[in-house]
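Content type compact mmCIF, C-alpha atoms (C1' of nucleotides), from the file data-v3.txt:
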```
# COMPACT_ATOMS: atom_id res chain seq x y z
CA MET A 332 221.17 15.17 117.97
CA PRO A 333 222.92 16.03 114.81
CA GLU A 334 224.19 13.31 112.59
CA LEU A 335 224.71 13.94 108.91
CA PRO A 336 221.02 13.88 107.88
CA GLU A 337 220.22 16.43 110.57
CA VAL A 338 223.00 18.71 109.36
CA GLU A 339 221.87 18.31 105.75
CA THR A 340 218.28 19.03 106.79
CA THR A 341 219.48 22.16 108.57
CA LEU A 342 221.46 23.30 105.53
CA ARG A 343 218.45 22.91 103.26
CA GLY A 344 216.27 24.76 105.73
CA ILE A 345 218.49 27.80 106.16
CA ARG A 346 219.69 28.10 102.56
CA PRO A 347 216.72 30.13 101.25
CA TYR A 348 217.18 32.75 103.97
CA LEU A 349 220.98 32.91 103.90
CA ASP A 350 221.86 32.63 100.22
CA GLY A 351 222.89 36.08 98.99
CA ALA A 352 221.89 37.72 102.26
CA ARG A 353 223.90 40.53 103.82
CA ILE A 354 225.07 40.05 107.38
CA GLU A 355 224.40 43.10 109.48
CA ARG A 356 226.12 41.97 112.64
CA LEU A 357 226.90 39.07 114.92
CA ILE A 358 225.60 39.02 118.46
CA VAL A 359 227.46 36.60 120.71
CA ARG A 360 225.73 36.07 124.06
CA ASP A 361 227.96 33.23 125.19
CA PRO A 362 231.26 32.52 123.43
CA ARG A 363 231.99 29.39 125.46
CA LEU A 364 231.53 26.67 122.86
CA ARG A 365 233.88 23.70 122.59
CA ARG A 366 236.33 26.18 121.15
CA PRO A 367 235.57 29.68 122.40
CA ILE A 368 234.31 32.05 119.72
CA PRO A 369 237.19 34.52 119.21
CA PRO A 370 236.25 38.11 120.20
CA GLU A 371 237.12 39.50 116.74
CA THR A 372 234.62 37.20 114.99
CA ALA A 373 231.85 39.83 115.06
CA GLU A 374 233.88 42.49 113.27
CA ARG A 375 235.13 39.94 110.71
CA VAL A 376 231.63 39.06 109.51
CA ALA A 377 229.79 42.39 109.84
CA GLY A 378 228.66 43.88 106.54
CA GLN A 379 229.60 40.85 104.46
CA ALA A 380 227.38 39.02 101.99
CA VAL A 381 226.81 35.27 101.99
CA ARG A 382 228.25 33.85 98.76
CA SER A 383 227.77 30.13 99.30
CA LEU A 384 226.42 27.51 101.69
CA SER A 385 227.74 23.98 101.81
CA ARG A 386 228.30 20.99 104.00
CA ARG A 387 231.40 18.86 104.49
CA SER A 388 230.87 15.96 106.88
CA LYS A 389 228.84 17.44 109.73
CA TYR A 390 230.38 20.87 109.27
CA LEU A 391 228.43 23.71 107.68
CA LEU A 392 230.48 26.13 105.61
CA ILE A 393 229.20 29.60 104.82
CA GLY A 394 231.26 31.39 102.19
CA LEU A 395 231.48 35.18 102.67
CA ASP A 396 232.98 38.01 100.61
CA GLN A 397 236.02 37.64 102.82
CA GLY A 398 236.69 34.22 104.31
CA SER A 399 234.10 31.81 105.60
CA LEU A 400 232.22 30.59 108.63
CA LEU A 401 232.73 27.05 109.90
CA ILE A 402 229.88 25.77 112.05
CA HIS A 403 229.48 22.46 113.85
CA LEU A 404 226.43 21.58 115.93
CA GLY A 405 228.24 19.19 118.27
CA MET A 406 225.95 16.90 120.20
CA SER A 407 223.09 19.24 121.05
CA GLY A 408 223.22 22.19 118.66
CA SER A 409 220.56 23.48 116.29
CA LEU A 410 220.16 26.46 113.98
CA ARG A 411 216.96 28.30 113.26
CA VAL A 412 216.02 31.37 111.28
CA VAL A 413 213.85 33.64 113.45
CA PRO A 414 212.90 37.32 113.56
CA ALA A 415 215.91 39.28 114.83
CA ASP A 416 213.79 40.98 117.49
CA SER A 417 212.39 37.75 118.96
CA ALA A 418 213.49 37.10 122.52
CA PRO A 419 216.40 34.63 122.85
CA LYS A 420 215.79 31.58 125.04
CA LYS A 421 218.16 29.81 127.35
CA HIS A 422 221.18 28.43 125.46
CA ASP A 423 220.56 30.63 122.41
CA HIS A 424 224.24 31.55 122.30
CA LEU A 425 224.43 33.71 119.19
CA ASP A 426 222.50 35.51 116.46
CA LEU A 427 223.82 36.15 112.98
CA VAL A 428 221.64 39.15 112.17
CA LEU A 429 220.68 39.59 108.52
CA ALA A 430 219.76 42.81 106.71
CA ASP A 431 216.13 41.66 106.36
CA ARG A 432 215.68 41.72 110.14
CA ARG A 433 215.81 37.99 110.45
CA CYS A 434 218.63 36.16 112.17
CA LEU A 435 220.28 32.76 112.19
CA ARG A 436 220.14 31.70 115.83
CA LEU A 437 222.39 29.03 117.35
CA HIS A 438 220.98 27.02 120.25
CA ASP A 439 223.31 24.54 121.97
CA PRO A 440 222.70 23.40 125.58
CA ARG A 441 225.81 21.26 125.89
CA ARG A 442 228.01 23.77 124.08
CA PHE A 443 229.95 21.12 122.17
CA GLY A 444 229.44 23.11 119.00
CA LEU A 445 231.79 25.26 116.95
CA PHE A 446 231.44 28.67 115.32
CA LEU A 447 234.61 29.97 113.68
CA TRP A 448 235.46 32.58 111.10
CA LEU A 449 238.25 31.42 108.76
CA PRO A 450 240.24 33.73 106.50
CA GLU A 451 240.15 31.29 103.56
CA THR A 452 237.38 30.34 101.14
CA PRO A 453 235.29 27.23 101.90
CA GLU A 454 237.09 25.36 99.12
CA LEU A 455 240.52 26.10 100.56
CA ALA A 456 239.33 25.37 104.08
CA GLU A 457 238.13 21.94 102.97
CA SER A 458 241.53 20.97 101.67
CA ARG A 459 243.73 22.74 104.20
CA HIS A 460 242.03 23.39 107.52
CA PRO A 461 243.12 20.90 110.21
CA LEU A 462 239.51 20.07 111.09
CA LEU A 463 238.59 19.25 107.49
CA ARG A 464 241.63 18.15 105.51
CA GLY A 465 241.90 14.59 106.84
CA LEU A 466 238.26 13.67 106.38
CA GLY A 467 237.22 10.63 104.42
CA PRO A 468 234.73 10.65 101.54
CA GLU A 469 231.12 11.74 101.82
CA PRO A 470 228.89 8.67 102.22
CA LEU A 471 226.46 9.98 99.60
CA GLY A 472 229.24 10.84 97.13
CA SER A 473 230.77 8.76 94.35
CA ALA A 474 234.07 8.11 96.19
CA PHE A 475 232.32 5.99 98.79
CA ASP A 476 231.57 2.35 98.10
CA GLY A 477 232.19 -1.16 99.35
CA ASP A 478 235.56 -1.36 97.66
CA HIS A 479 236.70 1.71 99.60
CA LEU A 480 235.62 0.17 102.92
CA HIS A 481 237.18 -3.18 102.04
CA ARG A 482 240.50 -1.62 101.03
CA LEU A 483 240.87 0.55 104.15
CA SER A 484 239.88 -2.25 106.51
CA ARG A 485 242.54 -4.78 105.47
CA GLU A 486 245.25 -3.59 107.87
CA ARG A 487 242.99 -2.77 110.77
CA ARG A 488 241.60 -4.95 113.54
CA VAL A 489 239.06 -2.71 115.22
CA ALA A 490 235.40 -3.60 115.49
CA VAL A 491 233.58 -2.74 112.28
CA LYS A 492 231.32 -0.30 114.11
CA ILE A 493 234.33 1.72 115.32
CA PHE A 494 235.80 1.53 111.81
CA LEU A 495 232.58 2.91 110.30
CA MET A 496 232.45 5.78 112.76
CA ASP A 497 236.05 6.83 112.00
CA ALA A 498 235.81 10.09 110.05
CA ALA A 499 239.02 9.25 108.18
CA VAL A 500 237.22 6.21 106.70
CA VAL A 501 233.90 7.84 105.84
CA VAL A 502 232.30 10.95 107.33
CA GLY A 503 228.86 11.39 108.74
CA VAL A 504 228.10 7.91 110.05
CA GLY A 505 227.31 8.56 113.70
CA ASN A 506 226.14 6.21 116.38
CA ILE A 507 222.50 5.92 115.34
CA TYR A 508 223.17 5.27 111.68
CA ALA A 509 226.11 2.94 112.34
CA ASN A 510 223.82 0.75 114.45
CA GLU A 511 221.01 0.84 111.90
CA SER A 512 223.24 0.16 108.90
CA LEU A 513 224.98 -2.82 110.50
CA PHE A 514 221.63 -4.33 111.35
CA LEU A 515 220.36 -3.93 107.80
CA ALA A 516 223.58 -5.40 106.43
CA GLY A 517 223.42 -8.35 108.85
CA ILE A 518 226.86 -7.60 110.30
CA HIS A 519 227.62 -7.90 114.02
CA PRO A 520 228.95 -4.53 115.27
CA ALA A 521 231.84 -6.12 117.18
CA ARG A 522 233.17 -8.14 114.23
CA ALA A 523 236.78 -7.26 113.43
CA CYS A 524 236.68 -5.05 110.35
CA HIS A 525 239.37 -7.01 108.47
CA ARG A 526 237.30 -10.19 108.75
CA ILE A 527 234.56 -8.91 106.45
CA GLY A 528 234.70 -9.63 102.76
CA LEU A 529 234.21 -7.39 99.73
CA GLU A 530 230.66 -8.50 98.97
CA ARG A 531 229.49 -7.78 102.51
CA TYR A 532 231.16 -4.36 102.43
CA ARG A 533 229.42 -3.60 99.13
CA ARG A 534 226.12 -4.44 100.76
CA LEU A 535 227.02 -2.34 103.80
CA ALA A 536 227.92 0.68 101.69
CA GLU A 537 224.60 0.46 99.85
CA VAL A 538 222.71 0.19 103.10
CA ILE A 539 224.50 3.22 104.58
CA ARG A 540 223.51 5.31 101.57
CA GLY A 541 219.94 4.09 101.81
CA VAL A 542 219.62 4.81 105.52
CA LEU A 543 221.09 8.31 105.22
CA ASP A 544 218.96 9.11 102.16
CA ALA A 545 215.79 7.93 103.89
CA SER A 546 216.58 9.94 106.99
CA ILE A 547 217.23 13.13 105.01
CA THR A 548 213.92 12.62 103.21
CA GLN A 549 212.17 12.40 106.57
CA GLY A 550 213.86 15.48 107.97
CA GLY A 551 216.36 13.80 110.27
CA THR A 552 215.95 11.79 113.44
CA THR A 553 214.30 13.41 116.41
CA LEU A 554 215.29 11.75 119.66
CA ARG A 555 215.03 14.24 122.46
CA ASP A 556 215.15 17.65 120.98
CA PHE A 557 216.26 17.86 117.38
CA VAL A 558 214.24 20.38 115.44
CA GLN A 559 214.62 21.42 111.85
CA GLU A 560 215.32 25.00 110.92
CA ASN A 561 211.54 25.63 110.99
CA GLY A 562 211.19 24.14 114.46
CA ASN A 563 209.53 20.93 113.30
CA PRO A 564 210.86 17.60 114.48
CA GLY A 565 212.35 15.03 112.11
CA TYR A 566 210.44 11.84 111.53
CA PHE A 567 213.14 9.24 111.05
CA ALA A 568 213.00 8.08 114.68
CA GLN A 569 209.96 5.99 113.91
CA SER A 570 212.00 4.10 111.32
CA LEU A 571 214.74 3.01 113.73
CA ARG A 572 215.05 -0.78 113.85
CA VAL A 573 217.60 -1.35 116.62
CA TYR A 574 218.79 1.97 118.05
CA GLY A 575 217.36 2.49 121.52
CA ARG A 576 215.25 -0.69 121.31
CA THR A 577 217.05 -2.80 123.93
CA GLY A 578 214.97 -5.81 124.92
CA GLU A 579 212.32 -5.19 122.28
CA PRO A 580 211.76 -7.84 119.60
CA CYS A 581 213.88 -7.74 116.45
CA VAL A 582 211.72 -6.56 113.54
CA ALA A 583 213.04 -9.45 111.45
CA CYS A 584 213.10 -12.46 113.80
CA GLY A 585 211.55 -11.43 117.11
CA ALA A 586 214.62 -12.12 119.25
CA PRO A 587 215.27 -9.42 121.86
CA ILE A 588 217.60 -6.61 120.79
CA ARG A 589 220.85 -6.63 122.76
CA GLN A 590 222.80 -3.63 123.96
CA ARG A 591 226.48 -3.38 124.86
CA ARG A 592 229.25 -0.82 124.71
CA ILE A 593 231.69 -0.98 121.86
CA GLY A 594 234.38 1.70 121.85
CA GLN A 595 232.61 3.77 124.51
CA ARG A 596 229.38 3.96 122.56
CA SER A 597 226.14 2.11 123.09
CA SER A 598 225.58 -0.50 120.43
CA PHE A 599 222.33 -2.23 119.60
CA TYR A 600 222.04 -5.43 117.60
CA CYS A 601 220.27 -8.74 117.06
CA VAL A 602 222.42 -11.79 117.80
CA HIS A 603 220.27 -13.88 115.54
CA CYS A 604 220.37 -11.64 112.47
CA GLN A 605 223.87 -10.13 112.73
CA HIS A 606 227.14 -12.06 112.42
C1' DA B 287 250.52 3.83 113.26
C1' DG B 288 246.81 2.33 115.69
C1' DC B 289 244.17 2.33 119.44
C1' DT B 290 241.92 3.57 124.09
C1' DC B 291 240.36 6.83 127.03
C1' DA B 292 239.20 11.20 129.10
C1' DA B 293 237.46 15.57 128.40
C1' DC B 294 234.39 19.24 126.88
C1' DC B 295 228.87 20.46 128.97
C1' DT B 296 223.73 20.37 130.30
C1' DG B 297 219.57 17.92 130.64
C1' DC B 298 216.70 14.01 130.93
C1' DT B 299 215.31 9.51 132.84
C1' DG B 300 214.82 5.90 135.97
C1' DG B 301 215.63 3.89 140.47
C1' DC B 302 215.25 4.40 145.26
C1' DT C 631 208.44 14.88 145.65
C1' DG C 632 213.48 14.74 145.73
C1' DC C 633 218.05 13.16 145.07
C1' DC C 634 221.53 10.95 142.50
C1' DA C 635 223.65 7.96 139.19
C1' DG C 636 223.90 7.05 134.59
C1' DC C 637 223.37 8.12 130.00
C1' DA C 638 222.97 11.01 125.62
C1' DG C 639 223.09 12.31 118.74
C1' DG C 640 230.35 14.28 118.44
C1' DT C 641 235.08 15.25 118.20
C1' DT C 642 239.76 16.26 119.80
C1' DG C 643 243.99 15.29 121.79
C1' DA C 644 246.98 12.93 125.23
C1' DG C 645 249.22 8.86 126.09
C1' DC C 646 250.17 3.96 125.62
```

In C-alpha cells, write the structure found in this file.
Amino acid sequence: MPELPEVETTLRGIRPYLDGARIERLIVRDPRLRRPIPPETAERVAGQAVRSLSRRSKYLLIGLDQGSLLIHLGMSGSLRVVPADSAPKKHDHLDLVLADRRCLRLHDPRRFGLFLWLPETPELAESRHPLLRGLGPEPLGSAFDGDHLHRLSRERRVAVKIFLMDAAVVVGVGNIYANESLFLAGIHPARACHRIGLERYRRLAEVIRGVLDASITQGGTTLRDFVQENGNPGYFAQSLRVYGRTGEPCVACGAPIRQRRIGQRSSFYCVHCQH
DNA sequence: AGCTCAACCTGCTGGC
DNA sequence: TGCCAGCAGGTTGAGC
C-alpha cells in the first residue's frame, strides 16, 4: 500500500496524538520485520517525550528527547492510534504505548516494514544515516523540477519509469504514481530516459506534483487494504487512469490500456497517448 | 558506475 | 469447494 501520499496521510493522522506525548513503553509482539527490531529498543524509548514528527521520503521520523525512531511501512504496513487496552489483531506487531492510555499500533502482514531507534536526532539521521543520506529531493519540495530530472537523466539509458522510481533521483514516486504521472505527461514508460527533452521533463515534474498533491488531498490510494490512521480508506483509487486498468479503454482516446513488465514492475500505459 | 535480479513475507485472486 | 500459480503498493544488497 504505502506510497508517499499514504505515508503523508498517516503522518497527518497520527501527529495530533503523538506530538508532545510521553511514551510509556513499547510492546513488541513480533520483532521479525525486514530488519529485526533490536531487543533494546523498548528500553531506549520508554519514558521519553515526542519532540517532533516528520517525513523524509516514505520514512517517518519521530524525534525523542534522546535519539529518534525511524519507521517505514514497507509494502503492507499501516499505523493507527487505538486505545492501549484494545485487543491486538493478527499482524499487529507492536504498540507504542502513550501516557494517555492510547497507543500507536503497527500492523504489517508482509513484515517488509522497519522500526528502528537511532541515537541521533532526526536532522542528523537525514544527513548521515545510510538509509536516508543518499536520497534525492522530495517531489513536493523546491529542489525538484524538470531541470533536475533532465540533468540527471543525460548520462543514463534506463527506461524513464525505472529512472523515476530511483530514490536517488526523486523520492516517493512508487509504482502507482509513476504509471499515472507518465500517462498524464504523455510519455511511454519504456522510453530511454536520456531521450526525453527538457520541456517534457518540466511537464512531467509538474504532473508528478499534481498527482501526489491530489492523492494526499483524497487521503491516499486504497487498493486492497490501505487505511488511514483513523481506519478509513483513501479515495484516490477512483482517480486512477491507467494503474490496474489493463484492457479497459483509455480515458483520453478509448484504446485498450496495455500492461507489461518494465524493471520487474507491472507497467500500464496507452500506446496511442504515450510516446 | 550502472544495471539486473533475487530476496524479504503473507494474502488475495483467478483459473482449473 | 479446493488447490495452486501468479501477483501485489518497497527497498536492499549481491553480482555482473

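We find atom CA of Gly472 of chain A and atom CA of Gly528 of chain A to be spaced 21.9 Å apart.
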
Distance-based interface of chain A with chain B, 7 Å, counting all atoms listed in the file, as a PyMOL selection string: chain A and resi 365+440-443

Which chain C residues are at most 12 Å from chain A (counting all atoms listed in the file), as a PyMOL selection string? chain C and resi 637-642

Residues within 9 Å of Ser484 of chain A, please, as a list in words. Count only C-alpha atoms (C1' of nucleotides); anything in the same chain fewer than 6 positions from it doesn't count. Val491, Phe494, Val500, Cys524, His525, Arg526 and Ile527 of chain A

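Here atom CA of Phe514 of chain A stands at a distance of 15.2 Å from atom CA of Gly578 of chain A.
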
Rounded to one decimal place, report the atom CA of Lys420 of chain A-atom CA of Ile368 of chain A distance in Å.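 Atom CA of Lys420 of chain A sits 19.3 Å away from atom CA of Ile368 of chain A.
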
I'd like the contact shell of segment 518-523 of chain A - 7 Å cut-off, all atoms listed in the file, skipping same-chain residues fewer than 4 positions apart - returned as JSON, numbers by chain. {"A": [488, 489, 490, 491, 492, 513, 514, 593, 605, 606]}

Pick from A:Leu364, A:Cys584, A:Val573, A:Ala352 nearest to Tyr600 of chain A, counting all atoms listed in the file: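 Nearest candidate to Tyr600 of chain A out of A:Leu364, A:Cys584, A:Val573, A:Ala352: A:Val573.
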
Proximity to Val376 of chain A - best of A:Gly465, A:Pro362, A:Pro336, A:Pro450, only C-alpha atoms: A:Pro450
